[in-house]
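Student: Provided below: entry_5.csv, containing CSV, C-alpha atoms.
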```csv
chain,number,residue,atom,x,y,z
G,1,MET,CA,0.0,0.0,0.0
G,2,GLU,CA,1.3,3.4,-1.0
G,3,SER,CA,2.5,5.4,2.0
G,4,ARG,CA,0.6,8.6,2.7
G,5,SER,CA,3.8,10.7,2.8
G,6,SER,CA,4.6,9.9,-0.9
G,7,ILE,CA,1.3,11.3,-2.2
G,8,CYS,CA,1.7,14.8,-3.8
G,9,ILE,CA,-1.5,16.8,-4.4
G,10,ASN,CA,-0.1,18.1,-7.7
G,11,GLU,CA,0.0,14.6,-9.0
G,12,ARG,CA,-3.6,14.0,-8.2
G,13,VAL,CA,-5.1,17.4,-9.0
G,14,GLY,CA,-4.6,19.0,-12.4
G,15,GLU,CA,-4.4,22.6,-13.4
G,16,ASP,CA,-8.1,22.8,-14.4
G,17,GLU,CA,-9.1,21.6,-11.0
G,18,LEU,CA,-6.7,24.0,-9.2
G,19,ARG,CA,-8.0,26.9,-11.2
G,20,ALA,CA,-11.6,25.9,-10.3
G,21,ILE,CA,-10.6,25.8,-6.6
G,22,LEU,CA,-8.9,29.2,-6.9
G,23,GLY,CA,-12.0,30.6,-8.5
G,24,LYS,CA,-14.0,29.7,-5.4
G,25,VAL,CA,-11.6,31.8,-3.2
G,26,GLU,CA,-13.1,35.2,-2.6
G,27,SER,CA,-10.7,37.4,-0.6
G,28,ASP,CA,-7.5,38.7,-2.0
G,29,GLN,CA,-5.6,37.7,1.2
G,30,ASP,CA,-6.7,34.1,0.7
G,31,LYS,CA,-5.7,34.2,-2.9
G,32,GLU,CA,-2.2,35.3,-1.9
G,33,ALA,CA,-2.0,32.5,0.6
G,34,PHE,CA,-3.0,30.0,-2.2
G,35,GLY,CA,0.2,31.1,-4.1
G,36,LEU,CA,2.4,30.3,-1.1
G,37,VAL,CA,1.9,26.6,-1.3
G,38,CYS,CA,4.4,25.9,-4.0
G,39,LYS,CA,5.7,27.4,-7.3
G,40,LYS,CA,3.0,25.7,-9.4
G,41,TRP,CA,0.3,27.2,-7.2
G,42,LEU,CA,2.0,30.6,-7.3
G,43,TYR,CA,2.1,30.4,-11.1
G,44,LEU,CA,-1.6,29.6,-11.3
G,45,GLN,CA,-2.4,32.3,-8.8
G,46,SER,CA,-0.4,34.9,-10.8
G,47,THR,CA,-1.9,34.0,-14.2
G,48,GLU,CA,-5.4,34.2,-12.8
G,49,ARG,CA,-5.0,37.5,-11.1
G,50,LYS,CA,-7.3,40.2,-12.5
G,51,ARG,CA,-6.4,43.4,-10.6
G,52,LEU,CA,-3.2,45.0,-9.5
G,53,ALA,CA,-2.1,48.3,-7.9
G,54,ALA,CA,1.6,48.9,-8.4
G,55,ARG,CA,4.5,51.4,-8.2
G,56,ALA,CA,7.2,50.1,-10.7
G,57,GLY,CA,9.5,51.2,-13.5
G,58,PRO,CA,9.9,49.6,-16.9
G,59,HIS,CA,12.1,46.7,-15.7
G,60,MET,CA,9.8,45.6,-13.0
G,61,LEU,CA,6.7,46.1,-15.2
G,62,ARG,CA,8.1,43.7,-17.7
G,63,LYS,CA,8.5,41.1,-15.0
G,64,MET,CA,5.0,41.8,-13.8
G,65,ALA,CA,3.6,41.4,-17.3
G,66,ALA,CA,5.2,38.0,-17.7
G,67,ARG,CA,3.8,36.9,-14.3
G,68,PHE,CA,0.3,38.4,-14.5
G,69,SER,CA,-0.5,37.5,-18.1
G,70,LYS,CA,-4.3,37.8,-17.7
G,71,LEU,CA,-4.4,41.0,-15.8
G,72,LEU,CA,-7.5,43.1,-16.6
G,73,GLN,CA,-7.2,46.1,-14.2
G,74,LEU,CA,-4.0,48.1,-13.5
G,75,ASP,CA,-3.9,51.0,-11.0
G,76,LEU,CA,-0.8,53.2,-11.2
G,77,ALA,CA,-2.6,56.3,-9.8
G,78,GLN,CA,-0.6,58.7,-7.7
G,79,SER,CA,-1.9,60.4,-4.6
G,80,VAL,CA,-1.7,64.2,-4.5
G,81,SER,CA,-0.1,64.1,-1.0
G,82,ARG,CA,2.1,61.1,-1.6
G,83,SER,CA,3.5,61.3,-5.2
G,84,PHE,CA,6.8,59.7,-6.0
G,85,TYR,CA,9.6,60.7,-8.4
G,86,PRO,CA,9.9,60.3,-11.3
G,87,GLY,CA,6.5,58.7,-11.2
G,88,VAL,CA,4.9,57.0,-14.2
G,89,THR,CA,6.6,57.9,-17.5
G,90,ASP,CA,6.0,57.3,-21.2
G,91,SER,CA,8.5,54.4,-21.0
G,92,ASP,CA,6.3,52.7,-18.5
G,93,LEU,CA,3.3,53.2,-20.7
G,94,SER,CA,5.1,51.6,-23.6
G,95,VAL,CA,5.8,48.5,-21.5
G,96,ILE,CA,2.2,48.4,-20.4
G,97,ALA,CA,0.9,48.7,-23.9
G,98,HIS,CA,2.9,45.8,-25.1
G,99,GLY,CA,2.9,43.6,-22.0
G,100,PHE,CA,-0.6,43.9,-20.5
G,101,THR,CA,-2.6,43.5,-23.7
G,102,CYS,CA,-5.7,42.2,-22.0
G,103,LEU,CA,-6.2,45.3,-19.9
G,104,THR,CA,-9.7,46.7,-19.7
G,105,LEU,CA,-9.0,49.3,-16.9
G,106,LEU,CA,-6.0,51.6,-16.5
G,107,SER,CA,-5.8,54.3,-13.8
G,108,LEU,CA,-3.1,57.0,-14.3
G,109,HIS,CA,-4.8,59.6,-12.1
G,110,ASN,CA,-2.4,62.4,-11.2
G,111,CYS,CA,0.6,60.9,-13.1
G,112,LYS,CA,1.9,64.3,-14.2
G,113,GLY,CA,5.0,63.0,-16.1
G,114,ILE,CA,3.2,61.2,-18.9
G,115,THR,CA,2.7,62.9,-22.3
G,116,ASP,CA,1.0,62.3,-25.7
G,117,VAL,CA,3.9,59.9,-26.6
G,118,GLY,CA,2.7,57.5,-23.9
G,119,MET,CA,-0.9,57.9,-24.8
G,120,ILE,CA,-0.2,57.0,-28.4
G,121,GLU,CA,1.4,53.8,-27.3
G,122,ILE,CA,-1.7,53.0,-25.2
G,123,GLY,CA,-3.9,53.6,-28.2
G,124,ARG,CA,-1.8,51.3,-30.3
G,125,GLY,CA,-1.5,48.4,-27.8
G,126,LEU,CA,-4.6,48.3,-25.6
G,127,SER,CA,-7.5,47.7,-28.0
G,128,SER,CA,-9.6,46.0,-25.3
G,129,LEU,CA,-9.3,49.0,-22.9
G,130,GLN,CA,-12.7,50.1,-21.6
G,131,CYS,CA,-11.9,52.5,-18.7
G,132,LEU,CA,-9.1,55.1,-18.6
G,133,ASP,CA,-8.4,57.7,-15.9
G,134,VAL,CA,-5.8,60.3,-16.8
G,135,SER,CA,-7.2,63.1,-14.6
G,136,TYR,CA,-4.7,65.8,-13.8
G,137,CYS,CA,-2.1,64.4,-16.3
G,138,ARG,CA,-1.6,68.0,-17.3
G,139,LYS,CA,0.8,67.5,-20.2
G,140,LEU,CA,-1.8,65.6,-22.3
G,141,THR,CA,-3.3,67.3,-25.4
G,142,ASP,CA,-5.8,66.4,-28.1
G,143,LYS,CA,-3.1,64.4,-30.0
G,144,GLY,CA,-2.6,61.7,-27.4
G,145,LEU,CA,-6.2,61.4,-26.3
G,146,SER,CA,-7.5,61.2,-29.8
G,147,ALA,CA,-5.0,58.4,-30.4
G,148,VAL,CA,-6.6,56.6,-27.5
G,149,ALA,CA,-10.1,57.1,-28.9
G,150,VAL,CA,-9.1,55.7,-32.3
G,151,GLY,CA,-7.3,52.7,-30.9
G,152,CYS,CA,-9.6,51.9,-28.0
G,153,CYS,CA,-13.0,51.8,-29.7
G,154,ASP,CA,-14.7,49.9,-26.9
G,155,LEU,CA,-13.9,52.7,-24.4
G,156,ARG,CA,-16.8,53.0,-21.8
G,157,SER,CA,-15.3,55.4,-19.3
G,158,LEU,CA,-12.8,58.3,-19.7
G,159,HIS,CA,-11.8,60.8,-17.1
G,160,ILE,CA,-9.6,63.7,-18.1
G,161,ALA,CA,-10.4,66.2,-15.4
G,162,GLY,CA,-7.8,69.0,-15.2
G,163,CYS,CA,-6.3,68.3,-18.6
G,164,ARG,CA,-6.4,72.0,-19.6
G,165,PHE,CA,-5.0,71.6,-23.1
G,166,VAL,CA,-7.9,69.4,-24.2
G,167,THR,CA,-10.3,70.9,-26.7
G,168,ASP,CA,-13.4,69.9,-28.7
G,169,LYS,CA,-11.2,67.8,-31.0
G,170,VAL,CA,-11.1,65.1,-28.4
G,171,LEU,CA,-14.9,65.0,-28.2
G,172,GLN,CA,-15.1,64.8,-32.0
G,173,SER,CA,-12.7,61.8,-32.0
G,174,LEU,CA,-14.7,60.1,-29.2
G,175,SER,CA,-17.9,60.6,-31.2
G,176,GLN,CA,-16.4,59.1,-34.3
G,177,ASN,CA,-14.8,56.1,-32.6
G,178,CYS,CA,-16.2,55.3,-29.1
G,179,HIS,CA,-19.9,54.7,-29.6
G,180,ASN,CA,-20.2,52.7,-26.3
G,181,LEU,CA,-19.0,55.6,-24.1
G,182,GLU,CA,-21.0,55.8,-20.9
G,183,GLU,CA,-18.9,57.9,-18.5
G,184,LEU,CA,-17.0,61.1,-19.3
G,185,GLY,CA,-15.3,63.4,-16.8
G,186,LEU,CA,-14.2,66.8,-18.2
G,187,GLN,CA,-14.0,68.9,-15.0
G,188,GLY,CA,-11.9,72.0,-15.5
G,189,CYS,CA,-11.4,71.5,-19.3
G,190,ASN,CA,-12.1,75.1,-20.1
G,191,SER,CA,-11.6,74.8,-23.8
G,192,ILE,CA,-14.6,72.5,-24.2
G,193,THR,CA,-17.6,74.3,-25.8
G,194,ASP,CA,-21.2,73.7,-26.7
G,195,SER,CA,-20.1,72.8,-30.2
G,196,GLY,CA,-17.9,70.0,-28.8
G,197,LEU,CA,-20.7,68.6,-26.7
G,198,THR,CA,-23.0,68.6,-29.7
G,199,ASP,CA,-20.4,66.7,-31.7
G,200,LEU,CA,-19.9,64.3,-28.9
G,201,VAL,CA,-23.5,63.1,-28.6
G,202,ASN,CA,-23.8,62.8,-32.4
G,203,GLY,CA,-22.0,59.5,-32.0
G,204,CYS,CA,-22.1,58.8,-28.2
G,205,ARG,CA,-25.7,58.4,-27.3
G,206,ARG,CA,-25.3,56.0,-24.3
G,207,ILE,CA,-23.8,58.5,-21.8
G,208,LYS,CA,-24.9,57.9,-18.2
G,209,PHE,CA,-22.4,60.1,-16.4
G,210,LEU,CA,-21.2,63.5,-17.6
G,211,ASP,CA,-19.0,65.8,-15.5
G,212,ILE,CA,-18.5,69.2,-17.0
G,213,ASN,CA,-17.9,71.1,-13.7
G,214,LYS,CA,-16.1,74.3,-14.1
G,215,CYS,CA,-16.2,74.2,-17.9
G,216,SER,CA,-16.9,77.9,-18.2
G,217,ASN,CA,-17.5,77.9,-22.0
G,218,VAL,CA,-20.4,75.4,-21.9
G,219,GLY,CA,-23.9,76.9,-22.0
G,220,ASP,CA,-27.5,76.0,-22.6
G,221,SER,CA,-27.2,74.8,-26.2
G,222,GLY,CA,-24.5,72.2,-25.3
G,223,VAL,CA,-26.5,70.8,-22.4
G,224,SER,CA,-29.7,70.7,-24.4
G,225,SER,CA,-27.9,68.7,-27.1
G,226,VAL,CA,-26.8,66.2,-24.4
G,227,SER,CA,-30.2,65.9,-22.8
G,228,GLU,CA,-32.0,65.2,-26.1
G,229,ALA,CA,-29.4,62.8,-27.5
G,230,CYS,CA,-28.9,60.8,-24.3
G,231,SER,CA,-32.4,61.1,-22.9
G,232,SER,CA,-32.9,57.5,-21.9
G,233,SER,CA,-29.4,56.9,-20.5
G,234,LEU,CA,-28.3,60.1,-18.7
G,235,LYS,CA,-28.3,59.6,-14.9
G,236,THR,CA,-25.6,62.0,-13.6
G,237,LEU,CA,-24.9,65.5,-14.8
G,238,LYS,CA,-22.4,67.8,-13.1
G,239,LEU,CA,-22.5,71.5,-14.0
G,240,LEU,CA,-20.8,73.2,-11.0
G,241,ASP,CA,-19.9,76.9,-11.7
G,242,CYS,CA,-20.9,76.7,-15.4
G,243,TYR,CA,-22.2,80.3,-15.2
G,244,ARG,CA,-23.6,80.2,-18.8
G,245,ILE,CA,-26.1,77.6,-17.8
G,246,GLY,CA,-29.7,78.8,-17.3
G,247,ASP,CA,-33.3,77.7,-17.2
G,248,LYS,CA,-33.2,76.4,-20.8
G,249,SER,CA,-30.8,73.6,-19.8
G,250,ILE,CA,-32.9,72.5,-16.8
G,251,LEU,CA,-36.1,72.6,-18.8
G,252,SER,CA,-34.5,70.5,-21.5
G,253,LEU,CA,-33.5,67.9,-18.9
G,254,ALA,CA,-37.0,68.0,-17.5
G,255,GLN,CA,-38.4,67.3,-21.0
G,256,PHE,CA,-36.1,64.5,-22.1
G,257,CYS,CA,-34.2,63.0,-19.1
G,258,LYS,CA,-36.8,61.2,-17.0
G,259,ASN,CA,-34.2,58.9,-15.5
G,260,LEU,CA,-31.9,61.6,-14.1
G,261,GLU,CA,-30.6,60.7,-10.6
G,262,THR,CA,-28.0,63.4,-9.8
G,263,LEU,CA,-27.8,67.0,-10.9
G,264,ILE,CA,-25.2,69.5,-9.7
G,265,VAL,CA,-25.9,73.1,-10.7
G,266,GLY,CA,-24.2,74.9,-7.8
G,267,GLY,CA,-23.1,78.4,-8.9
G,268,CYS,CA,-25.4,78.5,-11.9
G,269,ARG,CA,-26.9,81.8,-10.8
G,270,ASP,CA,-29.4,82.2,-13.7
G,271,ILE,CA,-31.4,79.1,-12.8
G,272,SER,CA,-34.8,80.0,-11.3
G,273,ASP,CA,-37.8,78.4,-9.6
G,274,GLU,CA,-39.6,77.8,-12.9
G,275,SER,CA,-37.2,75.2,-14.3
G,276,ILE,CA,-36.5,73.4,-11.0
G,277,LYS,CA,-40.2,72.9,-10.4
G,278,SER,CA,-40.5,71.4,-13.9
G,279,LEU,CA,-37.5,69.1,-13.2
G,280,ALA,CA,-39.0,68.0,-9.9
G,281,ALA,CA,-42.3,67.0,-11.6
G,282,ALA,CA,-40.6,65.3,-14.5
G,283,CYS,CA,-38.0,63.4,-12.4
G,284,LYS,CA,-40.1,62.7,-9.3
G,285,ASN,CA,-39.4,59.0,-9.5
G,286,SER,CA,-35.6,59.1,-10.2
G,287,LEU,CA,-34.0,62.2,-8.7
G,288,LYS,CA,-31.8,61.4,-5.7
G,289,ASN,CA,-29.2,64.1,-5.4
G,290,LEU,CA,-29.6,67.8,-6.1
G,291,ARG,CA,-27.0,70.5,-5.5
G,292,MET,CA,-28.0,74.1,-6.2
G,293,ASP,CA,-25.9,76.1,-3.8
G,294,TRP,CA,-25.4,79.7,-4.8
G,295,CYS,CA,-28.4,79.6,-7.2
G,296,LEU,CA,-29.6,82.9,-5.9
G,297,ASN,CA,-32.9,82.9,-7.6
G,298,ILE,CA,-34.1,79.7,-5.9
G,299,THR,CA,-36.9,80.3,-3.4
G,300,ASN,CA,-39.4,78.3,-1.2
G,301,SER,CA,-41.6,77.4,-4.2
G,302,SER,CA,-39.1,75.3,-6.0
G,303,LEU,CA,-37.5,73.7,-2.9
G,304,SER,CA,-40.9,72.8,-1.6
G,305,CYS,CA,-41.7,71.0,-4.9
G,306,VAL,CA,-38.4,69.1,-4.8
G,307,LEU,CA,-39.0,68.0,-1.2
G,308,THR,CA,-42.6,67.0,-1.6
G,309,GLN,CA,-42.6,65.4,-5.1
G,310,CYS,CA,-39.3,63.6,-5.5
G,311,ARG,CA,-40.0,60.1,-4.0
G,312,ASN,CA,-36.3,58.9,-3.8
G,313,LEU,CA,-34.6,62.1,-2.7
G,314,GLU,CA,-31.5,61.5,-0.6
G,315,VAL,CA,-29.2,64.6,-0.8
G,316,VAL,CA,-30.1,68.3,-1.2
G,317,ASP,CA,-27.7,71.3,-1.0
G,318,ILE,CA,-29.2,74.8,-1.1
G,319,GLY,CA,-26.3,76.6,0.6
G,320,CYS,CA,-26.3,80.4,0.2
G,321,CYS,CA,-29.9,80.4,-1.3
G,322,GLU,CA,-30.8,83.4,0.9
G,323,GLU,CA,-34.5,83.6,-0.1
G,324,VAL,CA,-35.4,80.2,1.3
G,325,THR,CA,-37.3,80.2,4.5
G,326,ASP,CA,-39.0,77.8,6.9
G,327,ALA,CA,-42.0,77.8,4.6
G,328,ALA,CA,-40.2,75.5,2.2
G,329,PHE,CA,-40.6,72.6,4.7
G,330,GLN,CA,-44.2,73.2,5.5
G,331,GLY,CA,-45.5,70.9,2.8
G,332,LEU,CA,-43.6,67.8,3.9
G,333,GLY,CA,-46.7,66.5,5.7
G,334,THR,CA,-48.4,66.1,2.3
G,335,ARG,CA,-45.9,63.7,0.8
G,336,GLU,CA,-47.4,60.4,-0.4
G,337,ILE,CA,-44.4,58.4,1.1
G,338,GLU,CA,-42.0,59.2,3.9
G,339,LEU,CA,-39.1,61.5,3.1
G,340,ASN,CA,-35.8,59.4,3.1
G,341,LEU,CA,-33.5,62.4,2.9
G,342,LYS,CA,-30.0,61.6,4.2
G,343,VAL,CA,-28.0,64.8,3.6
G,344,LEU,CA,-29.3,68.4,3.8
G,345,LYS,CA,-27.0,71.4,3.4
G,346,VAL,CA,-28.5,74.8,4.2
G,347,SER,CA,-25.4,76.7,5.2
G,348,ASN,CA,-25.6,80.5,4.8
G,349,CYS,CA,-29.4,80.5,4.6
G,350,PRO,CA,-30.2,83.3,7.1
G,351,LYS,CA,-34.0,83.0,6.9
G,352,ILE,CA,-34.2,79.3,7.9
G,353,THR,CA,-34.7,78.9,11.7
G,354,VAL,CA,-35.0,76.1,14.3
G,355,MET,CA,-38.7,75.9,13.5
G,356,GLY,CA,-38.1,74.9,9.9
G,357,ILE,CA,-35.6,72.2,11.0
G,358,GLY,CA,-38.1,71.0,13.5
G,359,VAL,CA,-40.7,70.5,10.7
G,360,LEU,CA,-38.1,68.6,8.7
G,361,LEU,CA,-37.3,66.3,11.6
G,362,ASP,CA,-41.0,65.6,12.2
G,363,ASN,CA,-41.2,64.2,8.7
G,364,CYS,CA,-37.8,62.6,8.2
G,365,ASN,CA,-36.1,60.0,10.3
G,366,SER,CA,-33.3,59.1,7.9
G,367,LEU,CA,-31.1,62.2,8.1
G,368,GLU,CA,-27.4,61.4,8.5
G,369,TYR,CA,-25.8,64.9,7.9
G,370,LEU,CA,-27.2,68.4,8.4
G,371,ASP,CA,-25.1,71.4,7.5
G,372,VAL,CA,-26.4,74.6,9.2
G,373,ARG,CA,-23.2,76.6,9.3
G,374,SER,CA,-23.6,80.4,9.2
G,375,CYS,CA,-27.4,80.1,9.8
G,376,PRO,CA,-27.7,82.8,12.5
G,377,HIS,CA,-31.1,81.5,13.8
G,378,ILE,CA,-29.9,77.8,14.1
G,379,THR,CA,-27.5,77.1,17.0
G,380,LYS,CA,-26.9,74.0,19.1
G,381,ALA,CA,-28.3,75.8,22.1
G,382,GLY,CA,-31.4,76.8,20.2
G,383,CYS,CA,-32.0,73.2,19.0
G,384,ASP,CA,-31.6,71.9,22.5
G,385,GLU,CA,-33.9,74.5,23.9
G,386,ALA,CA,-36.6,73.6,21.3
G,387,GLY,CA,-36.2,69.9,22.2
G,388,LEU,CA,-35.3,68.9,18.7
G,389,GLN,CA,-34.6,65.1,18.4
G,390,PHE,CA,-32.1,64.3,15.7
G,391,PRO,CA,-31.8,60.7,14.4
G,392,PRO,CA,-29.1,58.8,16.4
G,393,CYS,CA,-26.8,58.6,13.4
G,394,CYS,CA,-27.2,62.2,12.3
G,395,LYS,CA,-24.2,64.5,12.4
G,396,VAL,CA,-25.1,68.2,12.7
G,397,ASN,CA,-22.5,70.7,11.4
G,398,PHE,CA,-23.0,73.9,13.4
G,399,ALA,CA,-19.5,75.4,13.0
G,400,GLY,CA,-17.6,73.7,10.3
G,401,SER,CA,-15.8,71.2,12.5
G,402,LEU,CA,-17.2,68.1,10.7
G,403,SER,CA,-16.0,66.6,7.5
G,404,GLU,CA,-18.5,66.9,4.7
G,405,PRO,CA,-19.9,64.0,2.7
G,406,ASP,CA,-18.5,64.0,-0.9
G,407,VAL,CA,-21.6,62.8,-2.7
G,408,LEU,CA,-22.1,66.2,-4.3
G,409,LEU,CA,-18.5,67.1,-5.3
```
What's the structure tokens form of this structure?
Tutor:
Amino acid sequence: MESRSSICINERVGEDELRAILGKVESDQDKEAFGLVCKKWLYLQSTERKRLAARAGPHMLRKMAARFSKLLQLDLAQSVSRSFYPGVTDSDLSVIAHGFTCLTLLSLHNCKGITDVGMIEIGRGLSSLQCLDVSYCRKLTDKGLSAVAVGCCDLRSLHIAGCRFVTDKVLQSLSQNCHNLEELGLQGCNSITDSGLTDLVNGCRRIKFLDINKCSNVGDSGVSSVSEACSSSLKTLKLLDCYRIGDKSILSLAQFCKNLETLIVGGCRDISDESIKSLAAACKNSLKNLRMDWCLNITNSSLSCVLTQCRNLEVVDIGCCEEVTDAAFQGLGTREIELNLKVLKVSNCPKITVMGIGVLLDNCNSLEYLDVRSCPHITKAGCDEAGLQFPPCCKVNFAGSLSEPDVLL
């Protein structure tokens, strides 16, 4: 009879069975432990790995490419506070383009050293790429990003926030080549115009997420083009400090985009009650997050409509809307279903008092964060004196000492 000590599991279990076993392992820590058994198991664990975050130069990247041959997601992003020198370079991107040919996701966020040369290599080598983040890679221009659009036709998500040299030419290239694009981040790309957005949605009609915060040359015609072309898909639109935006944009969204979930229009000072009321009625079943701080024409009538009509509302920011008063909350008792608001920001709203907050709390038990900074009639002492009962998990920011939720950034 064969002794137990002479039996080797690798003789009895083939690679297919071992891969099946590895496929049942859920945590990354356990997968790493799997690879410590022996060289064979390490090889299988390496070839099956799908995600990797790394800090490496060309030599190490070549070794990693040989080991992790089926890698799908590679994160080389740099932290603003913990960047390293020289960081990711064009030479690194050349190795990635030729060595990690299966990649579907590549994050190069804040890798300031890369240029169009590296992007051209990515466009040539990573035809399966679906998600690319090159936000704050400030040397990039139309040339490099257009090469990515041409070579990576299945691109679904592209983030190029802070790439100040980007113009409408990139949007034209995306329109011509990337018809499956769903997510586009353009924050701070000040050379983007209405014409570019119109060109974009001529070919990209599946956009779900569009961030054009601080794109100061975008106005009503561009947003109207997006809302009409992407009417069934658009769920998130960010227009922070786009001062050319007015009621026409919001009315267009109300007319076409019935599935809109998040709208950021903070700093768009020409928006008025009329368009917000239309939006609340049109998107009453979908709207979850609405930021309209510094929209100085907003009053009780539109906020009341939002609070009473939007069934799934979770986050509202009306900071610095100085005309809003306690009356905006009076209609909450008429809602068909309970208000499930989680975040409310009313900082610098001098006409809102403890009484208005009390009405809100009577009709909302789900509040997690309330910002009442610089509201002269709302203090902790005043709330205590009025006997207000905040939900146990609710954080109330009276003086700016609490960190803010980033849901509306």
Student: Quick one: residues within 7 Å of stretch 216-230 of chain G, all atoms listed in the file counted, chain neighbours fewer than 6 positions away excluded, as a ChimeraX atom specification?
Tutor: /G:190-195,197-198,201,205-207,242-246,248-249,252-253,256-257
Student: For G:Arg62, please output as a list in words all residues within 12 Å (counting all atoms listed in the file; exclusion window: fewer than 3 positions along the same chain).
Tutor: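 Using all atoms listed in the file, the neighbours found are Ala56, Gly57, Pro58, His59, Ala65, Ala66, Arg67, Phe68, Ser69, Ser91, Asp92, Leu93, Ser94, Val95, Ile96, Ala97, His98, Gly99 and Phe100 of chain G.
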Student: Quick one: everything within 12 Å of G:Val117, counting only C-alpha atoms, minus sequence neighbours fewer than 5 positions away in the same chain. Send it as a list in words.
Tutor: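 Surrounding residues, per the criterion: Thr89, Asp90, Ser91, Asp92, Leu93, Ser94, Ala97, Ile122, Gly123, Arg124, Lys139, Leu140, Thr141, Asp142, Lys143, Gly144, Leu145, Ser146, Ala147 and Val148 of chain G.
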Student: Using Å and a single decimal, report how far atom CA of G:Leu103 sits from atom CA of G:Cys153.
Tutor: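 If I compute the distance from atom CA of G:Cys153 to atom CA of G:Leu103, I get 13.6 Å.
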Student: Which residue gives the smallest distance to G:Asp293 among G:Leu344, G:Cys310, G:Val37, G:Ile250, with all atoms listed in the file counted?
Tutor: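 The answer is G:Leu344, which sits nearest to G:Asp293.
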Student: Write out as JSON, numbers by chain which residues come within 7 Å of stretch 127-136 of chain G when counting only C-alpha atoms, dropping same-chain ones fewer than 4 positions away.
Tutor: {"G": [102, 103, 104, 105, 106, 107, 108, 109, 110, 112, 123, 151, 152, 154, 155, 156, 157, 158, 159, 160, 161, 162, 163]}
Student: State, in Å with one decimal place, the distance from atom CA of G:Leu72 to atom CA of G:Lys208.
Tutor: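 Atom CA of G:Leu72 sits 22.9 Å away from atom CA of G:Lys208.
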Student: Between atom CA of G:Leu361 and atom CA of G:Leu260, measure the distance and give it in Å to one decimal.
Tutor: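 Computed distance, atom CA of G:Leu361 to atom CA of G:Leu260, equals 26.7 Å.
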Student: Kindly indicate which residue among G:Cys349, G:Ile271, G:Ala327, G:Leu76 lies nearest to G:Arg373, using all atoms listed in the file for the distances.
Tutor: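 Nearest candidate to G:Arg373 out of G:Cys349, G:Ile271, G:Ala327, G:Leu76: G:Cys349.
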Student: Taking all atoms listed in the file into account, name the residue in G:Val316, G:Lys169, G:Ile298, G:Leu332 that is nearest to G:Arg269.
Tutor: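 Using all atoms listed in the file, G:Arg269 sits closest to G:Ile298.
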Student: Which residue, G:Ile114, G:Ala149, G:Leu313, G:Ile120, has the smallest gap to G:Cys137 when you use only C-alpha atoms?
Tutor: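 Of G:Ile114, G:Ala149, G:Leu313, G:Ile120, the one nearest G:Cys137, counting only C-alpha atoms, is G:Ile114.
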Student: Missing atoms in stretch 239-247 of chain G need filling: write out N, CA, C and O atoms for it as a PDB file, in the coordinates of the input.
Tutor:
```pdb
ATOM      1  N   LEU G 239     -22.628  70.250 -13.354  1.00  0.00           N
ATOM      2  CA  LEU G 239     -22.500  71.500 -14.000  1.00  0.00           C
ATOM      3  C   LEU G 239     -21.996  72.625 -13.058  1.00  0.00           C
ATOM      4  O   LEU G 239     -22.316  73.800 -13.238  1.00  0.00           O
ATOM      5  N   LEU G 240     -21.213  72.246 -12.050  1.00  0.00           N
ATOM      6  CA  LEU G 240     -20.800  73.200 -11.000  1.00  0.00           C
ATOM      7  C   LEU G 240     -20.063  74.394 -11.652  1.00  0.00           C
ATOM      8  O   LEU G 240     -19.126  74.234 -12.440  1.00  0.00           O
ATOM      9  N   ASP G 241     -20.506  75.599 -11.287  1.00  0.00           N
ATOM     10  CA  ASP G 241     -19.900  76.900 -11.700  1.00  0.00           C
ATOM     11  C   ASP G 241     -19.835  77.042 -13.221  1.00  0.00           C
ATOM     12  O   ASP G 241     -18.953  77.738 -13.744  1.00  0.00           O
ATOM     13  N   CYS G 242     -20.764  76.421 -13.920  1.00  0.00           N
ATOM     14  CA  CYS G 242     -20.900  76.700 -15.400  1.00  0.00           C
ATOM     15  C   CYS G 242     -21.893  77.882 -15.467  1.00  0.00           C
ATOM     16  O   CYS G 242     -23.112  77.715 -15.579  1.00  0.00           O
ATOM     17  N   TYR G 243     -21.334  79.080 -15.398  1.00  0.00           N
ATOM     18  CA  TYR G 243     -22.200  80.300 -15.200  1.00  0.00           C
ATOM     19  C   TYR G 243     -23.011  80.621 -16.422  1.00  0.00           C
ATOM     20  O   TYR G 243     -23.918  81.457 -16.344  1.00  0.00           O
ATOM     21  N   ARG G 244     -22.768  79.982 -17.572  1.00  0.00           N
ATOM     22  CA  ARG G 244     -23.600  80.200 -18.800  1.00  0.00           C
ATOM     23  C   ARG G 244     -24.871  79.405 -18.768  1.00  0.00           C
ATOM     24  O   ARG G 244     -25.729  79.602 -19.616  1.00  0.00           O
ATOM     25  N   ILE G 245     -24.976  78.478 -17.828  1.00  0.00           N
ATOM     26  CA  ILE G 245     -26.100  77.600 -17.800  1.00  0.00           C
ATOM     27  C   ILE G 245     -27.331  78.359 -17.151  1.00  0.00           C
ATOM     28  O   ILE G 245     -27.190  79.035 -16.131  1.00  0.00           O
ATOM     29  N   GLY G 246     -28.511  78.197 -17.765  1.00  0.00           N
ATOM     30  CA  GLY G 246     -29.700  78.800 -17.300  1.00  0.00           C
ATOM     31  C   GLY G 246     -30.899  77.893 -17.293  1.00  0.00           C
ATOM     32  O   GLY G 246     -30.764  76.677 -17.415  1.00  0.00           O
ATOM     33  N   ASP G 247     -32.089  78.472 -17.247  1.00  0.00           N
ATOM     34  CA  ASP G 247     -33.300  77.700 -17.200  1.00  0.00           C
ATOM     35  C   ASP G 247     -33.499  76.791 -18.428  1.00  0.00           C
ATOM     36  O   ASP G 247     -34.088  75.700 -18.329  1.00  0.00           O
TER      37      ASP G 247
END
```
